[in-house]
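Asks: This is start.pdb, which holds PDB, C-alpha atoms:
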```
ATOM      1  CA  LEU E   1       0.000   0.000   0.000  1.00  0.00           C
ATOM      2  CA  VAL E   2       2.852   2.370   0.846  1.00  0.00           C
ATOM      3  CA  ARG E   3       4.454   1.682  -2.531  1.00  0.00           C
ATOM      4  CA  GLU E   4       1.136   2.231  -4.334  1.00  0.00           C
ATOM      5  CA  VAL E   5       0.622   5.590  -2.613  1.00  0.00           C
ATOM      6  CA  ARG E   6       4.158   6.680  -3.497  1.00  0.00           C
ATOM      7  CA  ASP E   7       3.769   5.481  -7.103  1.00  0.00           C
ATOM      8  CA  LEU E   8       0.665   7.652  -7.369  1.00  0.00           C
ATOM      9  CA  GLY E   9       2.618  10.673  -6.132  1.00  0.00           C
ATOM     10  CA  GLY E  10       1.279  10.749  -2.595  1.00  0.00           C
ATOM     11  CA  THR E  11       2.939  10.643   0.783  1.00  0.00           C
ATOM     12  CA  PRO E  12       1.954   7.597   2.843  1.00  0.00           C
ATOM     13  CA  VAL E  13       0.880   8.214   6.413  1.00  0.00           C
ATOM     14  CA  ALA E  14       1.927   5.730   9.080  1.00  0.00           C
ATOM     15  CA  ALA E  15      -0.843   3.914  10.914  1.00  0.00           C
ATOM     16  CA  SER E  16      -1.664   5.174  14.399  1.00  0.00           C
ATOM     17  CA  ALA E  17      -0.590   3.088  17.365  1.00  0.00           C
ATOM     18  CA  ALA E  18      -4.182   3.059  18.618  1.00  0.00           C
ATOM     19  CA  TYR E  19      -7.586   4.241  17.485  1.00  0.00           C
ATOM     20  CA  ALA E  20     -10.590   5.630  19.322  1.00  0.00           C
ATOM     21  CA  LEU E  21     -13.540   3.287  19.016  1.00  0.00           C
ATOM     22  CA  PRO E  22     -16.847   4.770  17.821  1.00  0.00           C
ATOM     23  CA  PHE E  23     -18.628   3.380  20.907  1.00  0.00           C
ATOM     24  CA  ALA E  24     -17.913   1.343  24.024  1.00  0.00           C
ATOM     25  CA  VAL E  25     -17.480  -2.405  23.552  1.00  0.00           C
ATOM     26  CA  PRO E  26     -18.372  -3.967  26.901  1.00  0.00           C
ATOM     27  CA  ASP E  27     -19.687  -7.293  25.610  1.00  0.00           C
ATOM     28  CA  SER E  28     -19.758  -9.673  22.660  1.00  0.00           C
ATOM     29  CA  ALA E  29     -22.897  -8.094  21.153  1.00  0.00           C
ATOM     30  CA  ALA E  30     -21.143  -4.710  21.061  1.00  0.00           C
ATOM     31  CA  ALA E  31     -18.077  -6.364  19.528  1.00  0.00           C
ATOM     32  CA  VAL E  32     -20.236  -7.746  16.719  1.00  0.00           C
ATOM     33  CA  ARG E  33     -21.761  -4.277  16.146  1.00  0.00           C
ATOM     34  CA  LEU E  34     -18.229  -2.833  16.065  1.00  0.00           C
ATOM     35  CA  ALA E  35     -17.109  -5.405  13.498  1.00  0.00           C
ATOM     36  CA  ALA E  36     -20.065  -4.512  11.245  1.00  0.00           C
ATOM     37  CA  GLU E  37     -19.382  -0.777  11.706  1.00  0.00           C
ATOM     38  CA  LEU E  38     -15.718  -1.179  10.798  1.00  0.00           C
ATOM     39  CA  GLU E  39     -16.572  -3.182   7.685  1.00  0.00           C
ATOM     40  CA  ASP E  40     -19.075  -0.475   6.697  1.00  0.00           C
ATOM     41  CA  ARG E  41     -16.358   2.146   7.063  1.00  0.00           C
ATOM     42  CA  VAL E  42     -13.891   0.074   5.043  1.00  0.00           C
ATOM     43  CA  ALA E  43     -16.556  -0.350   2.352  1.00  0.00           C
ATOM     44  CA  GLY E  44     -17.009   3.417   2.306  1.00  0.00           C
ATOM     45  CA  VAL E  45     -13.315   3.969   1.681  1.00  0.00           C
ATOM     46  CA  TYR E  46     -13.291   1.400  -1.115  1.00  0.00           C
ATOM     47  CA  SER E  47     -16.397   3.027  -2.581  1.00  0.00           C
ATOM     48  CA  ASP E  48     -14.511   6.331  -2.725  1.00  0.00           C
ATOM     49  CA  LEU E  49     -11.610   4.552  -4.400  1.00  0.00           C
ATOM     50  CA  VAL E  50     -13.921   2.996  -6.997  1.00  0.00           C
ATOM     51  CA  ARG E  51     -15.255   6.460  -7.863  1.00  0.00           C
ATOM     52  CA  ALA E  52     -11.800   8.065  -7.995  1.00  0.00           C
ATOM     53  CA  SER E  53      -9.728   5.397  -9.721  1.00  0.00           C
ATOM     54  CA  ALA E  54      -8.884   4.394 -13.256  1.00  0.00           C
ATOM     55  CA  GLU E  55      -9.677   1.015 -14.799  1.00  0.00           C
ATOM     56  CA  GLY E  56      -6.751  -0.968 -13.384  1.00  0.00           C
ATOM     57  CA  VAL E  57      -7.298   0.004  -9.771  1.00  0.00           C
ATOM     58  CA  ARG E  58     -11.089   0.243 -10.069  1.00  0.00           C
ATOM     59  CA  GLY E  59     -11.468  -3.531 -10.475  1.00  0.00           C
ATOM     60  CA  THR E  60      -9.377  -4.220  -7.391  1.00  0.00           C
ATOM     61  CA  ALA E  61     -11.257  -1.578  -5.404  1.00  0.00           C
ATOM     62  CA  THR E  62     -14.607  -2.992  -6.556  1.00  0.00           C
ATOM     63  CA  GLU E  63     -13.632  -6.465  -5.410  1.00  0.00           C
ATOM     64  CA  ALA E  64     -12.461  -5.107  -2.038  1.00  0.00           C
ATOM     65  CA  LEU E  65     -15.744  -3.181  -1.678  1.00  0.00           C
ATOM     66  CA  ARG E  66     -17.712  -6.355  -2.369  1.00  0.00           C
ATOM     67  CA  GLU E  67     -15.681  -8.348   0.160  1.00  0.00           C
ATOM     68  CA  ALA E  68     -16.121  -5.691   2.867  1.00  0.00           C
ATOM     69  CA  ALA E  69     -19.874  -5.581   2.195  1.00  0.00           C
ATOM     70  CA  VAL E  70     -20.135  -9.369   2.454  1.00  0.00           C
ATOM     71  CA  ARG E  71     -18.211  -9.374   5.738  1.00  0.00           C
ATOM     72  CA  ALA E  72     -20.491  -6.629   7.094  1.00  0.00           C
ATOM     73  CA  VAL E  73     -23.574  -8.667   6.165  1.00  0.00           C
ATOM     74  CA  ARG E  74     -22.142 -11.672   7.971  1.00  0.00           C
ATOM     75  CA  TRP E  75     -21.509  -9.619  11.122  1.00  0.00           C
ATOM     76  CA  ARG E  76     -24.798  -7.729  10.967  1.00  0.00           C
ATOM     77  CA  GLY E  77     -27.008 -10.582   9.797  1.00  0.00           C
ATOM     78  CA  GLY E  78     -28.567  -8.359   7.113  1.00  0.00           C
ATOM     79  CA  SER E  79     -27.707  -6.034   4.291  1.00  0.00           C
ATOM     80  CA  VAL E  80     -27.932  -2.329   3.506  1.00  0.00           C
ATOM     81  CA  PRO E  81     -29.242  -0.976   0.178  1.00  0.00           C
ATOM     82  CA  PHE E  82     -25.977   0.624  -0.965  1.00  0.00           C
ATOM     83  CA  PRO E  83     -22.911  -0.910   0.735  1.00  0.00           C
ATOM     84  CA  GLY E  84     -20.134   1.645   1.032  1.00  0.00           C
ATOM     85  CA  LEU E  85     -22.456   4.598   0.455  1.00  0.00           C
ATOM     86  CA  ALA E  86     -23.406   5.713   3.951  1.00  0.00           C
ATOM     87  CA  GLU E  87     -25.325   8.717   2.645  1.00  0.00           C
ATOM     88  CA  ARG E  88     -27.727   6.362   0.815  1.00  0.00           C
ATOM     89  CA  ALA E  89     -27.866   3.499   3.290  1.00  0.00           C
ATOM     90  CA  ALA E  90     -30.831   3.508   5.608  1.00  0.00           C
ATOM     91  CA  THR E  91     -31.188   0.940   8.324  1.00  0.00           C
ATOM     92  CA  PRO E  92     -30.093  -2.648   7.706  1.00  0.00           C
ATOM     93  CA  THR E  93     -32.739  -4.675   5.918  1.00  0.00           C
ATOM     94  CA  ALA E  94     -34.298  -7.667   7.545  1.00  0.00           C
ATOM     95  CA  SER E  95     -32.835 -10.985   6.602  1.00  0.00           C
ATOM     96  CA  ALA E  96     -34.650 -13.057   4.018  1.00  0.00           C
ATOM     97  CA  THR E  97     -36.014 -15.413   6.657  1.00  0.00           C
ATOM     98  CA  PRO E  98     -39.788 -15.747   6.197  1.00  0.00           C
ATOM     99  CA  THR E  99     -41.975 -15.060   9.191  1.00  0.00           C
ATOM    100  CA  ALA E 100     -45.061 -17.063  10.113  1.00  0.00           C
TER     101      ALA E 100
END
```
Can the structure from this file be put into structure tokens for me?

Replies:
Amino acid sequence: LVREVRDLGGTPVAASAAYALPFAVPDSAAAVRLAAELEDRVAGVYSDLVRASAEGVRGTATEALREAAVRAVRWRGGSVPFPGLAERAATPTASATPTA
């Protein structure tokens, strides 16, 4: 990733030693919500890359966006209408399990 950023003329930024979590994670249910939130954020970054990139990188970014969206669905147990596009995503949709 560092090499790719440099090749594109940018200056890579080192990862932080620690990150502030978006909410407290006192139990396993909160940890699952955090995992889904992080995958949503990763999908958002890949969505930006898809929009901003040329053909070669766009395919890789699209695949990464898809993978992040699939992981988020697995953590959340449901999907959102536009993975990676937080401004268009409403609440997660119900799973496809029929109700009686």

Asks: Would you mind reading off the distance between CA of Ala20 in chain E and CA of Glu63 in chain E, one decimal, in Å?

Replies: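 Computed distance, CA of Ala20 in chain E to CA of Glu63 in chain E, equals 27.7 Å.
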
Asks: Can you pull out every residue within 12 Å of range 51-60 of chain E, counting only C-alpha atoms, but drop anything in the same chain fewer than 4 positions away, and send it as a compact mmCIF listing (two decimals) with C-alpha atoms, in the coordinates of the input?

Replies:
```
# COMPACT_ATOMS: atom_id res chain seq x y z
CA GLU E 4 1.14 2.23 -4.33
CA LEU E 8 0.66 7.65 -7.37
CA GLY E 44 -17.01 3.42 2.31
CA VAL E 45 -13.32 3.97 1.68
CA TYR E 46 -13.29 1.40 -1.12
CA SER E 47 -16.40 3.03 -2.58
CA ALA E 64 -12.46 -5.11 -2.04
CA LEU E 65 -15.74 -3.18 -1.68
CA ARG E 66 -17.71 -6.36 -2.37
CA GLU E 67 -15.68 -8.35 0.16
CA GLY E 84 -20.13 1.64 1.03
CA LEU E 85 -22.46 4.60 0.46
```

Asks: I'd like the interatomic distance between CA of Ala72 in chain E and CA of Ala17 in chain E, to a tenth of an Å.

Replies: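 Distance between the two atoms: 24.4 Å.
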
Asks: Padding 5 Å on every side, please: axis-aligned box over the listed atoms of range 6-21 of chain E, centre and edge lengths to one decimal in Å, as AutoDock Vina command-line options.

Replies:
```
--center_x -4.7 --center_y 6.9 --center_z 6.0 --size_x 27.7 --size_y 17.7 --size_z 36.7
```

Asks: I want to know what sits within 10 Å of Phe23 in chain E, based on all atoms listed in the file, with residues of the same chain fewer than 6 positions away left out; could you give that as a list in words?

Replies: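 Counting only the stated atoms, we get Ala30, Ala31, Arg33 and Leu34 of chain E.
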
Asks: Give me, please, the distance in Å between CA of Ala36 in chain E and CA of Arg74 in chain E, quoted to one decimal.

Replies: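 Between CA of Ala36 in chain E and CA of Arg74 in chain E the gap works out to 8.1 Å.
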